[in-house]
$ cat work.txt   # compact mmCIF, C-alpha atoms
# COMPACT_ATOMS: atom_id res chain seq x y z
CA THR Q 214 96.25 119.17 98.24
CA GLN Q 215 96.69 119.15 102.00
CA GLU Q 216 100.34 120.16 101.64
CA PHE Q 217 99.18 123.17 99.60
CA PHE Q 218 96.70 124.16 102.30
CA ILE Q 219 99.28 123.68 105.06
CA GLU Q 220 101.72 125.91 103.19
CA GLY Q 221 98.95 128.46 102.59
CA SER Q 222 97.88 128.66 106.22
CA ASN Q 223 101.43 128.80 107.63
CA PRO Q 224 103.30 131.77 106.14
CA SER Q 225 106.94 131.87 107.14
CA PHE Q 226 108.41 134.84 108.97
CA PRO Q 227 110.60 135.75 105.94
CA LEU Q 228 107.45 135.90 103.78
CA ILE Q 229 105.64 138.08 106.35
CA ARG Q 230 108.69 140.33 106.54
CA ASP Q 231 108.88 140.69 102.73
CA ILE Q 232 105.19 141.54 102.50
CA TYR Q 233 105.44 144.09 105.29
CA GLN Q 234 108.47 145.72 103.66
CA TYR Q 235 106.62 145.84 100.33
CA LEU Q 236 103.69 147.63 101.99
CA ARG Q 237 106.06 150.13 103.62
CA ASP Q 238 107.88 150.78 100.35
CA PHE Q 239 104.79 151.42 98.22
CA ALA Q 240 102.27 152.95 100.64
CA ASN Q 241 101.25 156.57 100.01
CA GLU Q 242 101.84 159.47 102.39
CA ARG Q 243 98.84 158.36 104.48
CA GLY Q 244 100.37 154.90 104.85
CA GLU Q 245 97.76 153.29 102.59
CA ILE Q 246 98.05 151.02 99.58
CA ALA Q 247 95.53 149.25 97.36
CA VAL Q 248 96.97 146.07 95.84
CA ALA Q 249 95.27 142.77 95.02
CA VAL Q 250 96.59 139.65 96.72
CA GLY Q 251 97.40 138.14 93.32
CA SER Q 252 99.44 141.16 92.26
CA LEU Q 253 101.20 141.26 95.62
CA SER Q 254 102.05 137.57 95.26
CA ASP Q 255 103.53 138.15 91.80
CA ASP Q 256 105.52 141.19 92.89
CA ILE Q 257 107.24 139.44 95.81
CA GLY Q 258 107.58 136.10 94.02
CA ALA Q 259 105.29 134.11 96.32
CA LYS Q 260 104.03 130.84 94.83
CA ASN Q 261 101.06 130.38 97.14
CA GLY Q 262 98.46 133.16 97.21
CA MET Q 263 96.87 131.65 100.30
CA ALA Q 264 100.11 132.17 102.20
CA VAL Q 265 100.08 135.86 101.23
CA SER Q 266 96.53 136.26 102.55
CA ALA Q 267 97.52 134.45 105.75
CA ALA Q 268 100.55 136.72 106.13
CA LEU Q 269 98.33 139.81 105.83
CA SER Q 270 96.06 138.36 108.52
CA GLN Q 271 99.09 137.76 110.73
CA LEU Q 272 100.18 141.38 110.30
CA ALA Q 273 96.66 142.55 111.15
CA ARG Q 274 96.56 140.42 114.31
CA CYS Q 275 99.78 141.91 115.62
CA GLY Q 276 98.47 145.45 115.04
CA ALA Q 277 100.81 146.33 112.17
CA ILE Q 278 98.12 146.88 109.51
CA GLU Q 279 94.40 147.06 109.01
CA ARG Q 280 92.41 146.13 105.94
CA PHE Q 281 89.57 148.30 104.66
CA ASP Q 282 87.06 148.32 101.82
CA ILE Q 283 87.40 150.82 99.00
CA PRO Q 284 84.01 152.08 97.67
CA GLY Q 285 83.41 150.88 94.13
CA GLU Q 286 86.52 148.68 94.09
CA ARG Q 287 86.88 144.92 94.47
CA THR Q 288 90.44 145.27 95.74
CA ARG Q 289 90.71 145.93 99.48
CA GLY Q 290 93.05 148.56 100.82
CA THR Q 291 95.75 148.10 103.45
CA ARG Q 292 96.67 150.79 106.00
CA LEU Q 293 99.92 150.76 107.96
CA LEU Q 294 99.26 151.38 111.65
CA ARG Q 295 102.90 151.44 112.72
CA PRO Q 296 104.72 152.64 109.58
CA ASP Q 297 107.95 153.42 111.42
CA ALA Q 298 108.25 149.96 112.99
CA ALA Q 299 110.53 147.41 111.32
CA ALA Q 300 109.35 143.84 110.85
CA ASP Q 301 111.54 142.62 113.71
CA GLU Q 302 109.80 145.12 116.01
CA LEU Q 303 106.26 143.85 115.41
CA GLY Q 304 106.41 141.14 118.04
CA ILE Q 305 105.80 138.24 115.66
CA ASP Q 306 107.02 134.96 117.15
CA ALA Q 307 108.91 133.26 114.30
CA GLU Q 308 109.52 130.11 116.37
CA ALA Q 309 105.81 129.78 117.10
CA LEU Q 310 105.05 130.02 113.37
CA GLU Q 311 107.53 127.24 112.65
CA GLU Q 312 106.14 125.10 115.47
CA LYS Q 313 102.56 125.43 114.20
CA GLU Q 314 103.61 124.39 110.69
CA ARG Q 315 105.55 121.44 112.12
CA ARG Q 316 102.48 120.29 114.07
CA ASP Q 317 100.26 120.62 111.00
CA ARG Q 318 102.69 118.59 108.89
CA ASP Q 319 103.04 115.98 111.63
CA LYS Q 320 99.25 115.54 111.62
CA LEU Q 321 99.24 115.06 107.86
CA LYS Q 322 102.15 112.64 108.09
CA ALA Q 323 100.28 110.66 110.74
CA MET Q 324 97.27 110.33 108.44
CA VAL Q 325 99.45 109.29 105.50
CA ASP Q 326 101.31 106.76 107.65
CA PHE Q 327 98.00 105.38 108.90
CA SER Q 328 96.71 105.03 105.33
CA TYR Q 329 99.72 103.09 104.08
CA SER Q 330 100.58 101.18 107.24
CA THR Q 331 100.29 97.39 107.18
CA ASP Q 332 100.08 97.26 110.99
CA CYS Q 333 96.83 96.63 112.86
CA ARG Q 334 94.54 99.65 112.42
CA GLN Q 335 93.12 99.46 115.93
CA GLY Q 336 96.56 99.12 117.49
CA TRP Q 337 97.82 102.03 115.41
CA ILE Q 338 95.02 104.32 116.61
CA LEU Q 339 95.41 103.27 120.25
CA ASN Q 340 99.15 103.90 120.03
CA TYR Q 341 98.49 107.35 118.51
CA PHE Q 342 96.44 108.29 121.56
CA GLY Q 343 99.05 106.96 123.98
CA GLU Q 344 97.85 103.41 124.69
CA THR Q 345 100.79 101.18 123.82
CA GLY Q 346 101.17 97.42 123.84
CA ALA Q 347 97.75 96.60 122.39
CA GLY Q 348 97.60 93.34 120.48
CA ASP Q 349 96.30 92.91 116.94
CA CYS Q 350 92.53 93.09 116.56
CA ASN Q 351 92.54 90.36 113.85
CA SER Q 352 89.52 91.95 112.17
CA CYS Q 353 90.73 95.08 110.35
CA ASP Q 354 91.89 95.08 106.72
CA SER Q 355 95.58 95.06 107.72
CA CYS Q 356 95.19 92.10 110.07
CA LEU Q 357 93.18 90.15 107.51
CA ALA Q 358 95.72 90.91 104.80
CA SER Q 359 98.55 89.88 107.13
CA SER Q 360 97.08 86.41 107.35
CA SER Q 361 97.63 85.93 103.62
CA GLU Q 362 100.77 84.51 102.09
CA ASP Q 363 101.66 87.93 100.65
CA VAL Q 364 102.57 89.30 104.10
CA ARG Q 365 105.11 87.26 106.03
CA GLU Q 366 108.35 87.36 107.99
CA PRO Q 367 111.58 87.55 105.99
CA THR Q 368 113.80 84.66 105.09
CA ASP Q 369 117.46 84.95 106.09
CA VAL Q 370 118.33 86.12 102.58
CA GLU Q 371 115.54 88.71 102.55
CA ARG Q 372 116.47 89.96 106.02
CA THR Q 373 120.03 90.53 104.82
CA ALA Q 374 118.76 92.40 101.75
CA VAL Q 375 116.57 94.60 103.96
CA GLN Q 376 119.49 95.40 106.26
CA LYS Q 377 121.65 96.33 103.27
CA ALA Q 378 118.90 98.56 101.83
CA LEU Q 379 118.27 100.29 105.15
CA SER Q 380 122.02 100.75 105.68
CA GLY Q 381 122.16 102.48 102.31
CA VAL Q 382 119.33 104.80 103.31
CA ALA Q 383 121.13 105.58 106.58
CA ARG Q 384 124.36 106.41 104.74
CA MET Q 385 122.44 108.82 102.51
CA SER Q 386 120.67 110.50 105.45
CA ARG Q 387 121.96 112.52 108.37
CA ARG Q 388 121.25 112.76 112.08
CA GLY Q 389 119.54 115.92 113.30
CA TYR Q 390 120.34 117.65 116.57
CA ASP Q 391 117.37 115.86 118.11
CA GLY Q 392 118.76 112.48 117.09
CA GLU Q 393 116.11 111.96 114.41
CA TRP Q 394 117.02 110.86 110.89
CA GLU Q 395 116.82 113.62 108.27
CA PRO Q 396 116.44 112.74 104.56
CA ARG Q 397 118.79 114.06 101.90
CA PHE Q 398 118.09 112.07 98.73
CA GLY Q 399 115.16 110.70 96.76
CA ARG Q 400 114.26 107.03 96.56
CA MET Q 401 115.59 106.36 93.07
CA LYS Q 402 118.96 107.97 93.77
CA ILE Q 403 119.27 105.68 96.79
CA VAL Q 404 118.35 102.72 94.58
CA GLY Q 405 121.00 103.77 92.07
CA MET Q 406 123.64 103.88 94.80
CA LEU Q 407 122.65 100.47 96.19
CA VAL Q 408 122.86 98.75 92.79
CA GLY Q 409 126.14 100.44 91.87
CA SER Q 410 124.77 102.62 89.08
CA ARG Q 411 127.27 104.68 87.08
CA SER Q 412 124.66 107.27 86.14
CA LYS Q 413 125.64 110.93 86.07
CA ASP Q 414 123.40 111.79 89.04
CA VAL Q 415 125.01 109.14 91.23
CA LEU Q 416 128.56 110.01 90.21
CA ASP Q 417 128.06 113.78 90.49
CA ALA Q 418 126.83 113.30 94.06
CA ARG Q 419 129.92 111.11 94.73
CA LEU Q 420 127.71 108.31 95.97
CA ASP Q 421 130.08 105.75 94.46
CA GLY Q 422 132.40 106.51 97.38
CA LEU Q 423 129.95 105.30 100.04
CA SER Q 424 130.61 102.02 101.81
CA THR Q 425 127.12 100.83 100.82
CA TYR Q 426 127.64 101.53 97.10
CA GLY Q 427 126.70 98.45 95.05
CA LEU Q 428 125.61 96.35 98.06
CA LEU Q 429 122.53 95.12 96.18
CA LYS Q 430 123.95 95.08 92.67
CA ALA Q 431 123.10 91.39 92.21
CA GLU Q 432 119.41 92.04 92.94
CA GLY Q 433 119.04 94.69 90.23
CA SER Q 434 117.42 98.12 90.44
CA ASN Q 435 113.94 96.89 89.52
CA TYR Q 436 113.78 94.60 92.55
CA VAL Q 437 115.48 97.11 94.87
CA ALA Q 438 113.04 99.87 93.86
CA ALA Q 439 110.11 97.56 94.63
CA LEU Q 440 111.72 96.56 97.93
CA MET Q 441 112.09 100.23 98.90
CA ARG Q 442 108.40 100.83 98.24
CA GLU Q 443 107.42 97.88 100.41
CA LEU Q 444 109.77 99.02 103.19
CA GLN Q 445 107.99 102.36 103.18
CA ASN Q 446 104.59 100.65 103.22
CA ALA Q 447 105.80 98.58 106.19
CA GLY Q 448 106.71 101.73 108.12
CA MET Q 449 110.49 101.31 107.97
CA LEU Q 450 111.05 104.24 105.62
CA VAL Q 451 109.33 107.60 105.49
CA SER Q 452 109.02 110.04 102.59
CA SER Q 453 109.17 113.81 103.03
CA GLY Q 454 106.37 114.31 100.48
CA GLY Q 455 106.21 117.35 98.22
CA GLN Q 456 107.24 117.70 94.60
CA TYR Q 457 110.71 116.19 95.17
CA PRO Q 458 110.26 113.73 98.06
CA THR Q 459 113.27 112.48 99.98
CA VAL Q 460 113.45 109.28 102.02
CA THR Q 461 114.96 108.30 105.36
CA LEU Q 462 114.63 105.76 108.19
CA THR Q 463 111.92 105.54 110.82
CA PRO Q 464 112.68 104.18 114.32
CA LYS Q 465 111.23 100.86 113.15
CA GLY Q 466 113.55 100.91 110.13
CA GLU Q 467 116.58 101.70 112.27
CA ALA Q 468 115.75 98.75 114.54
CA ALA Q 469 115.41 96.43 111.52
CA MET Q 470 118.72 97.71 110.14
CA ARG Q 471 120.39 96.70 113.41
CA GLY Q 472 118.69 93.30 113.36
CA GLU Q 473 116.50 94.14 116.33
CA GLY Q 474 112.83 93.18 116.49
CA GLY Q 475 110.71 91.19 114.08
CA TYR Q 476 108.57 92.44 111.23
CA ARG Q 477 106.20 91.22 108.56
CA MET Q 478 105.79 92.78 105.14
CA ARG Q 479 104.91 92.11 101.53
CA TRP Q 480 107.86 90.95 99.45
CA PRO Q 481 108.46 91.85 95.80
CA SER Q 482 108.99 88.96 93.45
CA PRO Q 483 112.42 88.68 91.83
CA PRO Q 484 112.24 89.55 88.12
CA GLU Q 485 111.75 86.59 85.84
CA ARG Q 486 114.26 85.81 83.14
CA ALA Q 487 113.09 87.08 79.79
CA ALA Q 488 114.36 86.66 76.26
CA ALA Q 489 114.76 90.02 74.56
CA THR Q 490 115.17 89.01 70.93
CA ARG Q 491 112.04 88.33 68.95
CA GLY Q 492 111.01 85.57 66.62
CA ALA Q 493 110.12 81.95 67.18
CA GLY Q 494 112.47 79.22 66.00
CA ARG Q 495 115.69 81.11 66.71
CA ARG Q 496 118.55 78.99 67.91
CA ASP Q 497 119.12 79.08 71.68
CA GLU Q 498 122.52 80.69 71.25
CA GLU Q 499 120.88 83.58 69.40
CA MET Q 500 118.53 84.40 72.30
CA VAL Q 501 119.68 87.35 74.36
CA GLU Q 502 118.80 87.10 78.07
CA ILE Q 503 118.22 90.40 79.89
CA ASP Q 504 118.20 88.96 83.41
CA GLY Q 505 121.06 90.53 85.33
CA LEU Q 506 121.40 93.55 83.03
CA GLU Q 507 120.99 96.83 84.88
CA PHE Q 508 117.52 98.37 84.91
CA ASP Q 509 117.86 102.17 84.85
CA GLU Q 510 114.55 103.61 86.04
CA THR Q 511 115.56 107.13 84.94
CA LEU Q 512 115.99 105.94 81.35
CA TYR Q 513 112.79 103.91 81.60
CA GLU Q 514 110.82 107.03 82.61
CA LYS Q 515 112.36 108.99 79.74
CA LEU Q 516 111.25 106.26 77.31
CA ARG Q 517 107.75 106.26 78.81
CA GLU Q 518 107.52 110.03 78.35
CA LYS Q 519 108.58 109.70 74.71
CA ARG Q 520 106.01 106.94 74.20
CA ALA Q 521 103.26 109.11 75.70
CA GLU Q 522 104.30 112.00 73.45
CA ILE Q 523 104.19 109.87 70.30
CA ALA Q 524 100.90 108.23 71.32
CA ALA Q 525 99.31 111.65 71.81
CA GLU Q 526 100.52 112.79 68.40
CA GLN Q 527 99.21 109.64 66.71
CA GLY Q 528 95.95 109.57 68.70
CA VAL Q 529 96.50 105.97 69.80
CA PRO Q 530 96.90 104.21 73.18
CA ALA Q 531 100.47 104.09 74.48
CA TYR Q 532 100.77 100.31 74.16
CA VAL Q 533 100.18 100.57 70.40
CA VAL Q 534 103.55 102.32 70.13
CA PHE Q 535 105.52 99.89 72.35
CA ASN Q 536 104.37 97.90 75.37
CA ASN Q 537 106.01 98.09 78.79
CA GLN Q 538 108.03 94.92 78.28
CA THR Q 539 109.60 96.30 75.10
CA LEU Q 540 110.49 99.51 76.93
CA GLU Q 541 112.15 97.39 79.61
CA PHE Q 542 114.18 95.62 76.93
CA PHE Q 543 115.24 99.04 75.60
CA THR Q 544 116.20 100.09 79.12
CA ARG Q 545 118.34 97.05 79.85
CA LEU Q 546 119.90 96.48 76.40
CA ARG Q 547 120.21 100.18 75.44
CA PRO Q 548 120.46 99.81 71.65
CA GLU Q 549 122.28 102.75 70.08
CA SER Q 550 121.15 102.16 66.50
CA VAL Q 551 117.91 101.42 64.70
CA GLU Q 552 119.42 98.17 63.44
CA ALA Q 553 120.16 96.99 66.98
CA GLY Q 554 116.76 98.11 68.26
CA ALA Q 555 114.91 96.35 65.44
CA LYS Q 556 116.16 92.99 66.73
CA ILE Q 557 114.40 93.44 70.08
CA ARG Q 558 111.19 91.54 70.65
CA GLY Q 559 108.07 93.65 70.27
CA VAL Q 560 109.45 96.07 67.68
CA GLY Q 561 108.62 94.72 64.21
CA GLU Q 562 109.41 96.28 60.85
CA LYS Q 563 106.62 98.87 60.79
CA LYS Q 564 107.22 100.05 64.35
CA ALA Q 565 110.96 100.14 63.71
CA GLU Q 566 110.34 102.49 60.81
CA ARG Q 567 107.68 104.68 62.45
CA PHE Q 568 108.66 104.87 66.11
CA LEU Q 569 112.08 103.40 66.82
CA PRO Q 570 114.34 106.35 65.74
CA ALA Q 571 112.80 108.63 68.37
CA PHE Q 572 113.50 106.10 71.12
CA ILE Q 573 117.07 105.55 69.91
CA GLU Q 574 117.63 109.31 70.18
CA VAL Q 575 116.44 109.23 73.80
CA ILE Q 576 118.77 106.34 74.63
CA GLN Q 577 121.76 107.99 72.91
CA ALA Q 578 121.14 111.29 74.73
CA HIS Q 579 120.88 109.44 78.05
CA LEU Q 580 124.15 107.61 77.45
CA GLU Q 581 125.89 110.86 76.55
CA GLU Q 582 124.83 112.26 79.92
CA GLY Q 583 127.08 109.78 81.69
CA GLU Q 584 125.73 106.27 81.31
CA PRO Q 585 128.17 103.73 79.85
CA ALA Q 586 127.09 101.96 76.70
CA LYS Q 587 125.58 98.52 77.23
CA GLY Q 588 125.68 97.13 73.75

$ encode --input "work.txt" --output "C-alpha cells"
Amino acid sequence: TQEFFIEGSNPSFPLIRDIYQYLRDFANERGEIAVAVGSLSDDIGAKNGMAVSAALSQLARCGAIERFDIPGERTRGTRLLRPDAAADELGIDAEALEEKERRDRDKLKAMVDFSYSTDCRQGWILNYFGETGAGDCNSCDSCLASSSEDVREPTDVERTAVQKALSGVARMSRRGYDGEWEPRFGRMKIVGMLVGSRSKDVLDARLDGLSTYGLLKAEGSNYVAALMRELQNAGMLVSSGGQYPTVTLTPKGEAAMRGEGGYRMRWPSPPERAAATRGAGRRDEEMVEIDGLEFDETLYEKLREKRAEIAAEQGVPAYVVFNNQTLEFFTRLRPESVEAGAKIRGVGEKKAERFLPAFIEVIQAHLEEGEPAKG
C-alpha cells in the first residue's frame, strides 16, 4: 500500500511530460480542456491515477497550467498558461523529482528493515539517528528472542553455507556507480542457480555458467530457500519490494560473505527424510526415499495453484484434495503418469481417479518447459 502511495505522490518527469503534451495536443483554441483524471490516465496508459493527479499539481506549481471548475460539471477543466512552451522549458527539476522519490522509498525501506530486523530495537533506532556503538538493551523483543536457542551463531558448516549463498547473490547482482550492490534477480532464481537447477528460467538466463552454480546442490532448494529468507531477516540480504522483488547484498551481508564480523540468526532445519510410497507393511526395498531429490519451488507453486483451483470448484478445503506433503512428493518425484502418481503416499484410489490427472498434466507441462524427467 505504501509503495502505491509513494508511486502516486512522485510522478516521474516522463509522465509529467506525456501529460503536458496530451493537454497541448487536445486543448481547444483557448488552450482549455475538460478531461477527467481517470480518462486522462487511460489515454496515456498510466497505471496509477494518483500519479496523474500529482503530475497535474506539479504542472500547476511551475505555472504551466491552472485548474478551474466548470459550472454544472463534476470534471474540472485545465487551462494552458504557456501553450507555446515545451515540457523541457517549464523549469521542472527532473533530478529533484527522482531524489524525492528515492528519499521516500528509503524511508519505507528503513521501516520494513526495522520490522523484520532481528537486531536490538533500541540499538537500531539509535543508529538510525546517528548514535552508533550502542549495546543491546536486552529487553526488547529481538533481544529476548536472541537469548533463545533459535537464534545463535553459525557452526563452521553453516558459516560456509552462508558464504556460498551470499557469494551466489553477489554473482547475480551488480555494483552501481556509487559502489552499492544493485539487484538483478529474484530470490527463487538465485536459489535455482545455487542448487544447480536445470529449469528453463535458469538455463535461459545462462546462470549455469556462473562460478557459483550448484554450490549448494547437496543442501537442496527447500533448505536454501529457507536459508535465504533467514538471511534477509538477519539483515544480510535486502529485497527491492514491488510485484517482482529482486534481492541483493547489504553491507552486513557483504562482510559475512568475506568472513568478516560475527552474526547471529535463526537457522532453518534440514529437511527430514521421508518415505514417498504409501502403505504399511511394504518391504524396505520398496520404499522410495525423497531425501536428496531436487525440490523445484516453481513446480510446487504450480501444483498449489491447481489444488486451489480444484478445491474452489469442489467447494472443499485445499487439504481435502491433497495435503502439502503429497504435493512435495509430486514435486520431488515428478510422476508423469497416473499409474506412477497413484503409488505416492497420500493419493489413494478415489483421489487418483478424481484429482490426480489434473496434477499429472501440470507436471508434464512443466517438464516440457525444460525440466528433465525425474522418474

$ residues_around --input "work.txt" --residues "Ala439 of chain Q" --least-positions-apart "4" --cutoff "9 Å" --atoms "all atoms listed in the file" --output "list in words"
Ser434, Asn435, Glu443, Leu444, Trp480, Pro481 and Ser482 of chain Q

$ residues_around --input "work.txt" --residues "Ser412 of chain Q" --least-positions-apart "3" --cutoff "12 Å" --atoms "only C-alpha atoms" --output "ChimeraX atom specification"
/Q:401-402,404-406,408-409,415-421,507-512,579-586

$ atom_distance --input "work.txt" --atom1 "atom CA of Ala555 of chain Q" --atom2 "atom CA of Lys430 of chain Q"
28.7 Å

$ residues_around --input "work.txt" --residues "Gln527 of chain Q" --least-positions-apart "6" --cutoff "12 Å" --atoms "all atoms listed in the file" --output "compact mmCIF listing (two decimals) with C-alpha atoms, in the coordinates of the input"
# COMPACT_ATOMS: atom_id res chain seq x y z
CA ARG Q 520 106.01 106.94 74.20
CA ALA Q 521 103.26 109.11 75.70
CA VAL Q 533 100.18 100.57 70.40
CA VAL Q 534 103.55 102.32 70.13
CA ARG Q 567 107.68 104.68 62.45
CA PHE Q 568 108.66 104.87 66.11

$ residues_around --input "work.txt" --residues "Glu552 of chain Q" --least-positions-apart "2" --cutoff "12 Å" --atoms "all atoms listed in the file" --output "VMD selection string"
chain Q and resid 548 to 550 554 to 557 560 to 562 565 to 566 569 to 570 573

$ atom_distance --input "work.txt" --atom1 "atom CA of Cys333 of chain Q" --atom2 "atom CA of Asp317 of chain Q"
24.3 Å

$ closest_residue --input "work.txt" --among "Q:Ala247, Q:Cys356, Q:Ser424, Q:Gly399" --to "Pro284 of chain Q" --atoms "all atoms listed in the file"
Q:Ala247

$ residues_around --input "work.txt" --residues "segment 265-274 of chain Q" --least-positions-apart "6" --cutoff "10 Å" --atoms "only C-alpha atoms" --output "ChimeraX atom specification"
/Q:220-226,228-233,250-251,253-254,257,259,280,291-294,300,303-305

$ write_last_selection --input "work.txt" --atoms "C-alpha atoms" --output "mmCIF file, keeping the file's coordinate frame"
data_model
loop_
_atom_site.group_PDB
_atom_site.id
_atom_site.type_symbol
_atom_site.label_atom_id
_atom_site.label_comp_id
_atom_site.auth_asym_id
_atom_site.auth_seq_id
_atom_site.Cartn_x
_atom_site.Cartn_y
_atom_site.Cartn_z
ATOM 1 C CA GLU Q 220 101.720 125.910 103.190
ATOM 2 C CA GLY Q 221 98.950 128.460 102.590
ATOM 3 C CA SER Q 222 97.880 128.660 106.220
ATOM 4 C CA ASN Q 223 101.430 128.800 107.630
ATOM 5 C CA PRO Q 224 103.300 131.770 106.140
ATOM 6 C CA SER Q 225 106.940 131.870 107.140
ATOM 7 C CA PHE Q 226 108.410 134.840 108.970
ATOM 8 C CA LEU Q 228 107.450 135.900 103.780
ATOM 9 C CA ILE Q 229 105.640 138.080 106.350
ATOM 10 C CA ARG Q 230 108.690 140.330 106.540
ATOM 11 C CA ASP Q 231 108.880 140.690 102.730
ATOM 12 C CA ILE Q 232 105.190 141.540 102.500
ATOM 13 C CA TYR Q 233 105.440 144.090 105.290
ATOM 14 C CA VAL Q 250 96.590 139.650 96.720
ATOM 15 C CA GLY Q 251 97.400 138.140 93.320
ATOM 16 C CA LEU Q 253 101.200 141.260 95.620
ATOM 17 C CA SER Q 254 102.050 137.570 95.260
ATOM 18 C CA ILE Q 257 107.240 139.440 95.810
ATOM 19 C CA ALA Q 259 105.290 134.110 96.320
ATOM 20 C CA ARG Q 280 92.410 146.130 105.940
ATOM 21 C CA THR Q 291 95.750 148.100 103.450
ATOM 22 C CA ARG Q 292 96.670 150.790 106.000
ATOM 23 C CA LEU Q 293 99.920 150.760 107.960
ATOM 24 C CA LEU Q 294 99.260 151.380 111.650
ATOM 25 C CA ALA Q 300 109.350 143.840 110.850
ATOM 26 C CA LEU Q 303 106.260 143.850 115.410
ATOM 27 C CA GLY Q 304 106.410 141.140 118.040
ATOM 28 C CA ILE Q 305 105.800 138.240 115.660
#

$ closest_residue --input "work.txt" --among "Q:Ala571, Q:Leu339, Q:Ala374, Q:Leu516" --to "Ala469 of chain Q" --atoms "all atoms listed in the file"
Q:Ala374

$ atom_distance --input "work.txt" --atom1 "atom CA of Gly381 of chain Q" --atom2 "atom CA of Leu462 of chain Q"
10.1 Å

$ closest_residue --input "work.txt" --among "Q:Arg295, Q:Lys320, Q:Arg315, Q:Arg411" --to "Gln215 of chain Q" --atoms "all atoms listed in the file"
Q:Lys320

$ closest_residue --input "work.txt" --among "Q:Ile219, Q:Val575, Q:Leu450, Q:Met441" --to "Arg318 of chain Q" --atoms "all atoms listed in the file"
Q:Ile219

$ closest_residue --input "work.txt" --among "Q:Leu321, Q:Leu407, Q:Ile283, Q:Met385" --to "Val460 of chain Q" --atoms "only C-alpha atoms"
Q:Met385

$ closest_residue --input "work.txt" --among "Q:Glu574, Q:Asp326, Q:Glu514, Q:Glu344" --to "Gln445 of chain Q" --atoms "only C-alpha atoms"
Q:Asp326

$ axis_aligned_box --input "work.txt" --around "segment 523-535 of chain Q" --padding-each-side "6 Å" --output "lines of an AutoDock Vina configuration file"
center_x = 100.7
center_y = 106.3
center_z = 70.6
size_x = 21.6
size_y = 24.9
size_z = 19.8

$ build_atoms --input "work.txt" --residues "segment 507-512 of chain Q" --atoms "all heavy atoms" --output "tab-separated table (two decimals), in the frame of the given file"
chain	number	residue	atom	x	y	z
Q	507	GLU	N	121.47	95.75	84.02
Q	507	GLU	CA	120.99	96.83	84.88
Q	507	GLU	C	119.71	97.47	84.35
Q	507	GLU	O	119.59	97.75	83.16
Q	507	GLU	CB	122.08	97.90	85.02
Q	507	GLU	CG	121.67	99.05	85.93
Q	507	GLU	CD	122.74	100.12	86.02
Q	507	GLU	OE1	123.82	99.92	85.42
Q	507	GLU	OE2	122.50	101.13	86.68
Q	508	PHE	N	118.76	97.67	85.24
Q	508	PHE	CA	117.52	98.37	84.91
Q	508	PHE	C	117.63	99.80	85.42
Q	508	PHE	O	117.68	100.03	86.62
Q	508	PHE	CB	116.31	97.67	85.55
Q	508	PHE	CG	115.00	98.35	85.24
Q	508	PHE	CD1	114.30	98.05	84.09
Q	508	PHE	CD2	114.47	99.30	86.11
Q	508	PHE	CE1	113.09	98.68	83.81
Q	508	PHE	CE2	113.28	99.93	85.84
Q	508	PHE	CZ	112.59	99.61	84.68
Q	509	ASP	N	117.72	100.75	84.50
Q	509	ASP	CA	117.86	102.17	84.85
Q	509	ASP	C	116.48	102.81	84.81
Q	509	ASP	O	115.94	103.07	83.74
Q	509	ASP	CB	118.81	102.84	83.85
Q	509	ASP	CG	119.11	104.28	84.23
Q	509	ASP	OD1	118.30	104.87	84.96
Q	509	ASP	OD2	120.14	104.80	83.78
Q	510	GLU	N	115.91	103.07	85.98
Q	510	GLU	CA	114.55	103.61	86.04
Q	510	GLU	C	114.47	105.02	85.45
Q	510	GLU	O	113.44	105.42	84.92
Q	510	GLU	CB	114.02	103.60	87.47
Q	510	GLU	CG	112.55	103.94	87.55
Q	510	GLU	CD	111.87	103.33	88.74
Q	510	GLU	OE1	112.39	102.35	89.30
Q	510	GLU	OE2	110.81	103.84	89.12
Q	511	THR	N	115.56	105.79	85.54
Q	511	THR	CA	115.56	107.13	84.94
Q	511	THR	C	115.38	107.04	83.43
Q	511	THR	O	114.58	107.77	82.84
Q	511	THR	CB	116.87	107.86	85.28
Q	511	THR	OG1	117.01	107.97	86.69
Q	511	THR	CG2	116.87	109.26	84.67
Q	512	LEU	N	116.14	106.14	82.79
Q	512	LEU	CA	115.99	105.94	81.35
Q	512	LEU	C	114.61	105.40	81.02
Q	512	LEU	O	113.99	105.83	80.03
Q	512	LEU	CB	117.08	104.98	80.85
Q	512	LEU	CG	116.99	104.57	79.37
Q	512	LEU	CD1	117.01	105.79	78.45
Q	512	LEU	CD2	118.11	103.60	79.01
